[in-house]
>>> print(open('target.tsv').read())   # TSV, C-alpha atoms
chain	number	residue	atom	x	y	z
A	136	MET	CA	93.90	165.15	61.94
A	137	SER	CA	90.61	166.77	61.02
A	138	SER	CA	87.47	166.05	63.04
A	139	ILE	CA	85.11	166.94	60.19
A	140	LEU	CA	82.19	164.56	59.76
A	141	VAL	CA	81.83	163.56	56.11
A	142	GLU	CA	78.41	162.65	54.72
A	143	VAL	CA	78.46	161.20	51.21
A	144	CYS	CA	75.53	161.37	48.82
A	145	CYS	CA	75.03	157.94	47.22
A	146	GLY	CA	72.61	156.80	44.53
A	147	SER	CA	73.09	153.04	44.72
A	148	LEU	CA	74.41	150.15	46.78
A	149	ASP	CA	77.66	150.25	44.77
A	150	ASP	CA	78.08	153.94	45.59
A	151	ALA	CA	77.45	153.29	49.26
A	152	LEU	CA	79.94	150.44	49.41
A	153	LYS	CA	82.63	152.63	47.86
A	154	ALA	CA	81.79	155.49	50.22
A	155	ALA	CA	81.99	153.25	53.28
A	156	ALA	CA	85.27	151.73	52.09
A	157	GLY	CA	86.66	155.24	51.56
A	158	GLY	CA	85.96	156.34	55.12
A	159	ALA	CA	82.58	158.09	54.93
A	160	ASP	CA	81.04	158.81	58.33
A	161	ARG	CA	77.45	158.85	57.11
A	162	ILE	CA	75.60	158.15	53.87
A	163	GLU	CA	72.63	159.95	52.37
A	164	LEU	CA	70.94	157.38	50.15
A	165	ASN	CA	68.78	158.50	47.26
A	166	SER	CA	68.16	157.85	43.56
A	167	ALA	CA	68.01	159.86	40.32
A	168	PHE	CA	70.85	162.31	40.89
A	169	PHE	CA	70.06	164.11	37.65
A	170	LEU	CA	66.66	165.01	39.10
A	171	GLY	CA	68.19	166.35	42.30
A	172	GLY	CA	67.75	163.13	44.28
A	173	LEU	CA	64.57	161.11	44.78
A	174	THR	CA	63.38	158.37	47.13
A	175	PRO	CA	65.56	155.24	46.84
A	176	SER	CA	64.13	151.74	46.65
A	177	LEU	CA	63.53	149.76	49.82
A	178	GLY	CA	65.70	146.99	48.41
A	179	THR	CA	68.63	149.37	48.01
A	180	LEU	CA	68.35	150.54	51.60
A	181	GLN	CA	68.02	146.99	52.92
A	182	GLU	CA	71.11	145.82	51.03
A	183	CYS	CA	73.05	148.84	52.27
A	184	ARG	CA	71.96	148.22	55.84
A	185	GLU	CA	73.06	144.58	55.69
A	186	ARG	CA	76.48	145.37	54.22
A	187	ILE	CA	77.41	148.74	55.74
A	188	ASN	CA	77.88	149.67	59.39
A	189	ILE	CA	77.77	153.47	59.20
A	190	PRO	CA	74.55	155.52	59.56
A	191	LEU	CA	72.24	155.67	56.54
A	192	ILE	CA	69.94	158.64	55.98
A	193	ALA	CA	67.22	157.94	53.40
A	194	MET	CA	65.87	160.59	51.06
A	195	VAL	CA	62.10	160.86	50.93
A	196	ARG	CA	61.19	162.89	47.85
A	197	PRO	CA	58.54	161.38	45.57
A	198	ARG	CA	59.09	163.50	42.46
A	199	TYR	CA	61.28	166.19	40.95
A	200	GLY	CA	60.20	169.81	40.97
A	201	GLY	CA	59.18	171.86	43.98
A	202	MET	CA	58.42	170.74	47.51
A	203	CYS	CA	54.74	171.67	47.88
A	204	TYR	CA	53.04	168.28	47.73
A	205	SER	CA	49.55	166.95	47.21
A	206	GLU	CA	47.77	165.05	49.96
A	207	GLY	CA	48.58	161.77	48.23
A	208	GLU	CA	52.26	162.62	47.85
A	209	PHE	CA	52.46	163.59	51.51
A	210	ALA	CA	50.82	160.33	52.58
A	211	THR	CA	53.29	158.42	50.42
A	212	MET	CA	56.23	160.25	52.00
A	213	LEU	CA	55.06	159.40	55.52
A	214	ARG	CA	54.66	155.76	54.52
A	215	ASP	CA	58.11	155.66	52.88
A	216	ALA	CA	59.64	157.21	55.98
A	217	ALA	CA	58.06	154.60	58.23
A	218	ILE	CA	59.25	151.78	55.97
A	219	PHE	CA	62.81	153.12	55.89
A	220	VAL	CA	62.96	153.55	59.67
A	221	ASN	CA	61.70	150.00	60.15
A	222	ALA	CA	64.40	148.82	57.72
A	223	GLY	CA	67.15	150.40	59.79
A	224	ALA	CA	67.61	153.93	58.47
A	225	ALA	CA	69.17	156.25	61.04
A	226	GLY	CA	66.96	159.04	59.76
A	227	VAL	CA	65.10	160.55	56.84
A	228	VAL	CA	65.84	163.66	54.78
A	229	PHE	CA	62.79	165.53	53.49
A	230	GLY	CA	61.41	169.00	52.83
A	231	PHE	CA	57.95	170.54	52.90
A	232	LEU	CA	57.18	174.03	51.64
A	233	GLN	CA	54.06	176.14	51.31
A	234	PRO	CA	53.16	177.62	47.90
A	235	ASP	CA	54.97	180.85	48.84
A	236	GLY	CA	58.19	178.98	49.64
A	237	ARG	CA	57.95	179.18	53.42
A	238	ILE	CA	58.32	176.10	55.62
A	239	ASP	CA	55.16	173.99	55.80
A	240	GLU	CA	55.13	173.73	59.57
A	241	GLU	CA	52.21	171.31	59.90
A	242	ARG	CA	53.69	168.69	57.58
A	243	THR	CA	57.21	169.13	58.90
A	244	ALA	CA	55.96	168.62	62.45
A	245	ALA	CA	54.07	165.50	61.33
A	246	MET	CA	57.20	164.01	59.79
A	247	VAL	CA	59.31	164.81	62.86
A	248	ALA	CA	56.69	163.13	65.06
A	249	ALA	CA	56.52	160.10	62.77
A	250	LEU	CA	60.30	159.64	62.94
A	251	GLY	CA	60.38	159.58	66.72
A	252	SER	CA	63.96	159.11	67.90
A	253	ARG	CA	65.34	158.85	64.37
A	254	GLU	CA	67.00	161.87	62.76
A	255	ALA	CA	64.74	164.36	61.00
A	256	VAL	CA	66.80	166.13	58.32
A	257	PHE	CA	65.40	169.00	56.27
A	258	HIS	CA	66.98	169.11	52.82
A	259	ARG	CA	67.77	171.94	50.41
A	260	ALA	CA	64.14	172.92	50.18
A	261	PHE	CA	65.52	175.27	52.84
A	262	ASP	CA	67.39	177.11	50.08
A	263	LEU	CA	64.08	178.13	48.48
A	264	THR	CA	62.74	179.88	51.57
A	265	PRO	CA	62.43	183.69	51.40
A	266	ASP	CA	64.12	184.29	54.77
A	267	PRO	CA	66.74	181.66	55.72
A	268	CYS	CA	67.28	182.96	59.23
A	269	GLU	CA	63.55	182.82	59.95
A	270	ALA	CA	63.33	179.38	58.34
A	271	LEU	CA	66.16	178.13	60.54
A	272	GLU	CA	64.34	179.23	63.70
A	273	THR	CA	61.19	177.52	62.44
A	274	LEU	CA	63.00	174.21	61.91
A	275	ILE	CA	64.65	174.45	65.32
A	276	ARG	CA	61.27	175.04	66.96
A	277	LEU	CA	59.78	172.04	65.11
A	278	GLY	CA	62.49	169.70	66.38
A	279	VAL	CA	64.43	169.11	63.17
A	280	LYS	CA	67.84	167.56	63.89
A	281	ARG	CA	69.76	168.91	60.91
A	282	VAL	CA	69.35	171.10	57.82
A	283	LEU	CA	71.18	170.51	54.55
A	284	THR	CA	71.86	173.79	52.78
A	285	SER	CA	73.92	175.40	50.04
A	286	GLY	CA	73.36	178.80	51.61
A	287	GLN	CA	70.69	179.66	49.04
A	288	LYS	CA	73.27	179.60	46.23
A	289	PRO	CA	73.78	176.92	43.55
A	290	ASN	CA	77.28	176.35	44.94
A	291	VAL	CA	77.88	176.41	48.68
A	292	PHE	CA	81.34	177.88	48.15
A	293	HIS	CA	79.67	181.13	47.01
A	294	ALA	CA	77.57	181.34	50.18
A	295	GLN	CA	80.25	181.13	52.83
A	296	ASP	CA	79.14	184.20	54.75
A	297	LEU	CA	75.55	182.98	55.08
A	298	ILE	CA	76.66	179.43	55.96
A	299	LYS	CA	78.87	180.78	58.73
A	300	GLN	CA	76.00	182.96	59.96
A	301	LEU	CA	73.57	180.02	60.00
A	302	ILE	CA	76.04	177.81	61.89
A	303	GLN	CA	76.49	180.51	64.50
A	304	GLN	CA	72.76	181.18	64.71
A	305	ALA	CA	71.93	177.50	65.20
A	306	GLY	CA	74.66	176.98	67.80
A	307	SER	CA	74.00	173.77	69.69
A	308	ARG	CA	70.28	173.83	68.92
A	309	MET	CA	70.47	172.22	65.47
A	310	GLU	CA	73.11	170.97	63.04
A	311	VAL	CA	73.82	172.88	59.83
A	312	LEU	CA	75.15	170.61	57.09
A	313	PRO	CA	76.65	172.50	54.11
A	314	GLY	CA	76.56	170.79	50.73
A	315	ALA	CA	76.47	171.34	46.94
A	316	GLY	CA	79.53	172.21	44.91
A	317	LEU	CA	82.27	171.20	47.33
A	318	ASP	CA	85.25	169.56	45.65
A	319	GLU	CA	88.87	168.65	46.33
A	320	TYR	CA	90.00	172.17	45.40
A	321	ASN	CA	87.70	174.33	47.51
A	322	ILE	CA	86.76	172.20	50.51
A	323	GLN	CA	89.71	173.15	52.74
A	324	GLU	CA	89.12	176.88	52.31
A	325	PHE	CA	85.38	176.43	52.82
A	326	ILE	CA	85.81	174.54	56.10
A	327	ARG	CA	88.31	177.06	57.45
A	328	ASN	CA	86.18	180.06	56.45
A	329	THR	CA	82.87	178.81	57.80
A	330	GLY	CA	83.90	176.79	60.85
A	331	THR	CA	81.65	173.91	59.87
A	332	THR	CA	82.18	170.59	61.61
A	333	GLN	CA	80.49	168.51	58.89
A	334	VAL	CA	80.14	168.48	55.12
A	335	HIS	CA	77.88	166.83	52.56
A	336	ILE	CA	79.74	165.81	49.42
A	337	ALA	CA	78.98	164.03	46.15
A	338	PRO	CA	82.30	162.93	44.60
A	339	MET	CA	80.72	161.69	41.42
A	340	GLY	CA	82.10	160.37	38.16
A	341	TRP	CA	80.69	158.03	35.54
A	342	GLY	CA	79.93	154.36	35.34
A	343	GLY	CA	79.68	152.61	32.00
A	344	ASP	CA	77.24	150.13	30.45
A	345	SER	CA	77.82	148.96	26.87
A	346	SER	CA	74.52	147.09	26.50
A	347	PRO	CA	72.71	149.95	24.66
A	348	LEU	CA	75.32	150.01	21.87
A	349	GLY	CA	73.42	147.33	19.98
A	350	ASN	CA	70.77	149.94	19.13
A	351	PRO	CA	72.02	153.45	19.94
A	352	ALA	CA	68.87	155.02	18.44
A	353	ILE	CA	66.94	154.01	21.55
A	354	THR	CA	67.06	156.23	24.63
A	355	PHE	CA	65.05	155.98	27.83
A	356	GLY	CA	65.84	159.27	29.47
A	357	GLY	CA	65.02	161.50	26.51
A	358	ALA	CA	66.57	164.93	26.13
A	359	LEU	CA	66.98	165.25	29.88
A	360	TYR	CA	69.46	162.38	30.03
A	361	PRO	CA	70.32	161.35	26.45
A	362	SER	CA	73.21	158.95	27.08
A	363	GLU	CA	72.36	155.33	27.84
A	364	VAL	CA	75.95	154.05	27.92
A	365	ARG	CA	77.00	155.90	31.04
A	366	TYR	CA	75.48	156.83	34.38
A	367	GLU	CA	76.53	158.86	37.39
A	368	ALA	CA	78.42	156.86	40.00
A	369	LEU	CA	80.65	157.62	42.95
A	370	ASP	CA	84.29	157.99	41.93
A	371	SER	CA	86.56	156.43	44.56
A	372	GLN	CA	89.65	158.38	43.51
A	373	THR	CA	87.86	161.73	43.68
A	374	PHE	CA	86.51	160.78	47.10
A	375	LYS	CA	89.99	159.79	48.25
A	376	ARG	CA	91.42	163.16	47.20
A	377	MET	CA	88.61	165.00	48.99
A	378	GLN	CA	89.23	162.95	52.13
A	379	GLU	CA	92.92	163.79	51.96
A	380	ALA	CA	92.09	167.48	51.63
A	381	ILE	CA	89.73	167.35	54.60
A	382	ALA	CA	92.15	165.41	56.76
A	383	VAL	CA	94.71	168.21	56.92
A	384	VAL	CA	92.23	170.90	57.98
A	385	LYS	CA	92.95	171.95	61.57
>>> encode(input="target.tsv", output="structure tokens")
Amino acid sequence: MSSILVEVCCGSLDDALKAAAGGADRIELNSAFFLGGLTPSLGTLQECRERINIPLIAMVRPRYGGMCYSEGEFATMLRDAAIFVNAGAAGVVFGFLQPDGRIDEERTAAMVAALGSREAVFHRAFDLTPDPCEALETLIRLGVKRVLTSGQKPNVFHAQDLIKQLIQQAGSRMEVLPGAGLDEYNIQEFIRNTGTTQVHIAPMGWGGDSSPLGNPAITFGGALYPSEVRYEALDSQTFKRMQEAIAVVK
């Protein structure tokens, strides 16, 4: 059997329940997948914590776009992180960059300090940095527990060499969590080629809601998300097939 740790990206309580039932080892909880993942509601995290016994990592990202935040946004992120930790989150995933794309060391250090013994996870803001090897050393020095990365490519499968290099560079000093673009067809090869011991996956499909059909002229997401009768949701069968693929990796 494989010993790969599987983290599942979830956008709702329903997603998290399906992920836990399907054998996920850890959940990253967020909202607004189509915006790249934003801060989830406190209520969602609390319901997940009451119903699920595996670790929950909460996204703290107040808006879409880049990761260079105003003073008010930064203050909000620190407050959200404190609330999530108090509500039982095992850690928080976040990212702070300077205007030139380098790691914002001061704000990253402040978040790590605020989290205390809880896990500080730097998200794919890492993939925007001009020098990933330098950025990795910076995060290690600042005490970050784990970095989520696609290897600076849209699809992690196309960045296998860099992912392997980052895993080797980090060694036992910090965890490297590959994610973005892994599916049931490429995940075995990716794990074997990179030597990773954990993966971040989003086995998504579609949920349906017929209530907007009474007036299909109305949309709430605009051109960015024009359909109101369906929404992204974790697909249990896709997750099952990915788990089966992972399980046979030796």
>>> atom_distance(input="target.tsv", atom1="CA of Ala270 in chain A", atom2="CA of Ser307 in chain A")
16.6 Å
>>> residues_around(input="target.tsv", residues="Ile298 in chain A", least_positions_apart="5", cutoff="10 Å", atoms="only C-alpha atoms", output="list in words")
Thr284, Ser285, Gly286, Gln287, Val291, Phe292, His293, Gln303, Gln304, Val311, Leu312, Pro313, Phe325, Asn328, Thr329, Gly330 and Thr331 of chain A
>>> residues_near_point(input="target.tsv", point="(80.0, 158.1, 46.9)", cutoff="12 Å", atoms="only C-alpha atoms", output="ChimeraX atom specification")
/A:141-165,168,335-341,367-375,377-378
>>> write_last_selection(input="target.tsv", atoms="C-alpha atoms", output="short mmCIF file (atom, residue, chain, number, x, y, z; two decimals), in the frame of the given file")
data_model
loop_
_atom_site.label_atom_id
_atom_site.label_comp_id
_atom_site.auth_asym_id
_atom_site.auth_seq_id
_atom_site.Cartn_x
_atom_site.Cartn_y
_atom_site.Cartn_z
CA VAL A 141 81.83 163.56 56.11
CA GLU A 142 78.41 162.65 54.72
CA VAL A 143 78.46 161.20 51.21
CA CYS A 144 75.53 161.37 48.82
CA CYS A 145 75.03 157.94 47.22
CA GLY A 146 72.61 156.80 44.53
CA SER A 147 73.09 153.04 44.72
CA LEU A 148 74.41 150.15 46.78
CA ASP A 149 77.66 150.25 44.77
CA ASP A 150 78.08 153.94 45.59
CA ALA A 151 77.45 153.29 49.26
CA LEU A 152 79.94 150.44 49.41
CA LYS A 153 82.63 152.63 47.86
CA ALA A 154 81.79 155.49 50.22
CA ALA A 155 81.99 153.25 53.28
CA ALA A 156 85.27 151.73 52.09
CA GLY A 157 86.66 155.24 51.56
CA GLY A 158 85.96 156.34 55.12
CA ALA A 159 82.58 158.09 54.93
CA ASP A 160 81.04 158.81 58.33
CA ARG A 161 77.45 158.85 57.11
CA ILE A 162 75.60 158.15 53.87
CA GLU A 163 72.63 159.95 52.37
CA LEU A 164 70.94 157.38 50.15
CA ASN A 165 68.78 158.50 47.26
CA PHE A 168 70.85 162.31 40.89
CA HIS A 335 77.88 166.83 52.56
CA ILE A 336 79.74 165.81 49.42
CA ALA A 337 78.98 164.03 46.15
CA PRO A 338 82.30 162.93 44.60
CA MET A 339 80.72 161.69 41.42
CA GLY A 340 82.10 160.37 38.16
CA TRP A 341 80.69 158.03 35.54
CA GLU A 367 76.53 158.86 37.39
CA ALA A 368 78.42 156.86 40.00
CA LEU A 369 80.65 157.62 42.95
CA ASP A 370 84.29 157.99 41.93
CA SER A 371 86.56 156.43 44.56
CA GLN A 372 89.65 158.38 43.51
CA THR A 373 87.86 161.73 43.68
CA PHE A 374 86.51 160.78 47.10
CA LYS A 375 89.99 159.79 48.25
CA MET A 377 88.61 165.00 48.99
CA GLN A 378 89.23 162.95 52.13
#
>>> closest_residue(input="target.tsv", among="A:Lys299, A:Asp215, A:Pro351, A:Ser345", to="Thr332 in chain A", atoms="all atoms listed in the file")
A:Lys299
>>> atom_distance(input="target.tsv", atom1="CA of Gln233 in chain A", atom2="CA of Phe261 in chain A")
11.6 Å
>>> closest_residue(input="target.tsv", among="A:Val227, A:Leu232, A:Ala244, A:Leu274", to="Val256 in chain A", atoms="all atoms listed in the file")
A:Val227
>>> atom_distance(input="target.tsv", atom1="CA of Gly251 in chain A", atom2="CA of Ile139 in chain A")
26.6 Å
>>> axis_aligned_box(input="target.tsv", around="range 279-293 of chain A", padding_each_side="3 Å", output="lines of an AutoDock Vina configuration file")
center_x = 72.9
center_y = 174.3
center_z = 53.7
size_x = 22.9
size_y = 19.6
size_z = 26.3
>>> closest_residue(input="target.tsv", among="A:Glu254, A:Glu240, A:Asp296, A:Glu185", to="Glu272 in chain A", atoms="only C-alpha atoms")
A:Glu240
>>> closest_residue(input="target.tsv", among="A:Tyr204, A:Leu348, A:Arg214, A:Asp262", to="Asp239 in chain A", atoms="only C-alpha atoms")
A:Tyr204
>>> residues_around(input="target.tsv", residues="Ala380 in chain A", least_positions_apart="6", cutoff="10 Å", atoms="only C-alpha atoms", output="ChimeraX atom specification")
/A:137,318-324,374
>>> closest_residue(input="target.tsv", among="A:Gly278, A:Gly172, A:Gly316, A:Pro267", to="Gln300 in chain A", atoms="all atoms listed in the file")
A:Pro267
>>> build_atoms(input="target.tsv", residues="range 262-273 of chain A", atoms="all heavy atoms", output="short mmCIF file (atom, residue, chain, number, x, y, z; two decimals), in the coordinates of the input")
data_model
loop_
_atom_site.label_atom_id
_atom_site.label_comp_id
_atom_site.auth_asym_id
_atom_site.auth_seq_id
_atom_site.Cartn_x
_atom_site.Cartn_y
_atom_site.Cartn_z
N ASP A 262 66.77 176.09 50.91
CA ASP A 262 67.39 177.11 50.08
C ASP A 262 66.38 177.87 49.22
O ASP A 262 66.75 178.85 48.56
CB ASP A 262 68.48 176.49 49.21
CG ASP A 262 69.64 175.98 50.04
OD1 ASP A 262 70.01 176.67 51.02
OD2 ASP A 262 70.17 174.91 49.74
N LEU A 263 65.14 177.44 49.22
CA LEU A 263 64.08 178.13 48.48
C LEU A 263 63.29 179.09 49.36
O LEU A 263 62.47 179.85 48.85
CB LEU A 263 63.13 177.11 47.85
CG LEU A 263 63.74 176.07 46.92
CD1 LEU A 263 62.67 175.08 46.45
CD2 LEU A 263 64.40 176.75 45.72
N THR A 264 63.52 179.05 50.65
CA THR A 264 62.74 179.88 51.57
C THR A 264 63.11 181.36 51.43
O THR A 264 64.27 181.69 51.17
CB THR A 264 62.93 179.44 53.03
OG1 THR A 264 64.31 179.53 53.38
CG2 THR A 264 62.46 178.00 53.22
N PRO A 265 62.14 182.27 51.60
CA PRO A 265 62.43 183.69 51.40
C PRO A 265 63.32 184.31 52.47
O PRO A 265 63.99 185.31 52.22
CB PRO A 265 61.04 184.34 51.40
CG PRO A 265 60.16 183.38 52.13
CD PRO A 265 60.70 182.02 51.82
N ASP A 266 63.32 183.75 53.67
CA ASP A 266 64.12 184.29 54.77
C ASP A 266 64.82 183.12 55.47
O ASP A 266 64.21 182.45 56.32
CB ASP A 266 63.23 185.05 55.75
CG ASP A 266 64.03 185.75 56.86
OD1 ASP A 266 65.16 185.29 57.16
OD2 ASP A 266 63.53 186.74 57.42
N PRO A 267 66.08 182.83 55.15
CA PRO A 267 66.74 181.66 55.72
C PRO A 267 66.90 181.70 57.22
O PRO A 267 66.83 180.66 57.88
CB PRO A 267 68.09 181.64 55.01
CG PRO A 267 68.33 183.04 54.57
CD PRO A 267 66.97 183.57 54.23
N CYS A 268 67.11 182.86 57.78
CA CYS A 268 67.28 182.96 59.23
C CYS A 268 65.97 182.65 59.94
O CYS A 268 65.95 181.95 60.97
CB CYS A 268 67.79 184.35 59.62
SG CYS A 268 69.45 184.70 59.01
N GLU A 269 64.87 183.14 59.40
CA GLU A 269 63.55 182.82 59.95
C GLU A 269 63.25 181.34 59.79
O GLU A 269 62.73 180.69 60.71
CB GLU A 269 62.48 183.66 59.26
CG GLU A 269 61.06 183.36 59.70
CD GLU A 269 60.04 184.14 58.88
OE1 GLU A 269 59.80 183.74 57.71
OE2 GLU A 269 59.50 185.13 59.40
N ALA A 270 63.58 180.80 58.61
CA ALA A 270 63.33 179.38 58.34
C ALA A 270 64.12 178.50 59.30
O ALA A 270 63.63 177.46 59.76
CB ALA A 270 63.68 179.05 56.89
N LEU A 271 65.34 178.90 59.61
CA LEU A 271 66.16 178.13 60.54
C LEU A 271 65.50 178.07 61.91
O LEU A 271 65.43 177.00 62.53
CB LEU A 271 67.55 178.75 60.65
CG LEU A 271 68.59 177.94 61.43
CD1 LEU A 271 69.04 176.73 60.61
CD2 LEU A 271 69.79 178.79 61.80
N GLU A 272 65.01 179.20 62.39
CA GLU A 272 64.34 179.23 63.70
C GLU A 272 63.09 178.35 63.68
O GLU A 272 62.77 177.68 64.66
CB GLU A 272 63.99 180.66 64.09
CG GLU A 272 65.19 181.54 64.39
CD GLU A 272 66.03 181.03 65.55
OE1 GLU A 272 65.46 180.45 66.51
OE2 GLU A 272 67.27 181.20 65.51
N THR A 273 62.38 178.35 62.56
CA THR A 273 61.19 177.52 62.44
C THR A 273 61.55 176.04 62.56
O THR A 273 60.90 175.28 63.29
CB THR A 273 60.49 177.77 61.10
OG1 THR A 273 60.06 179.13 61.03
CG2 THR A 273 59.28 176.86 60.92
#
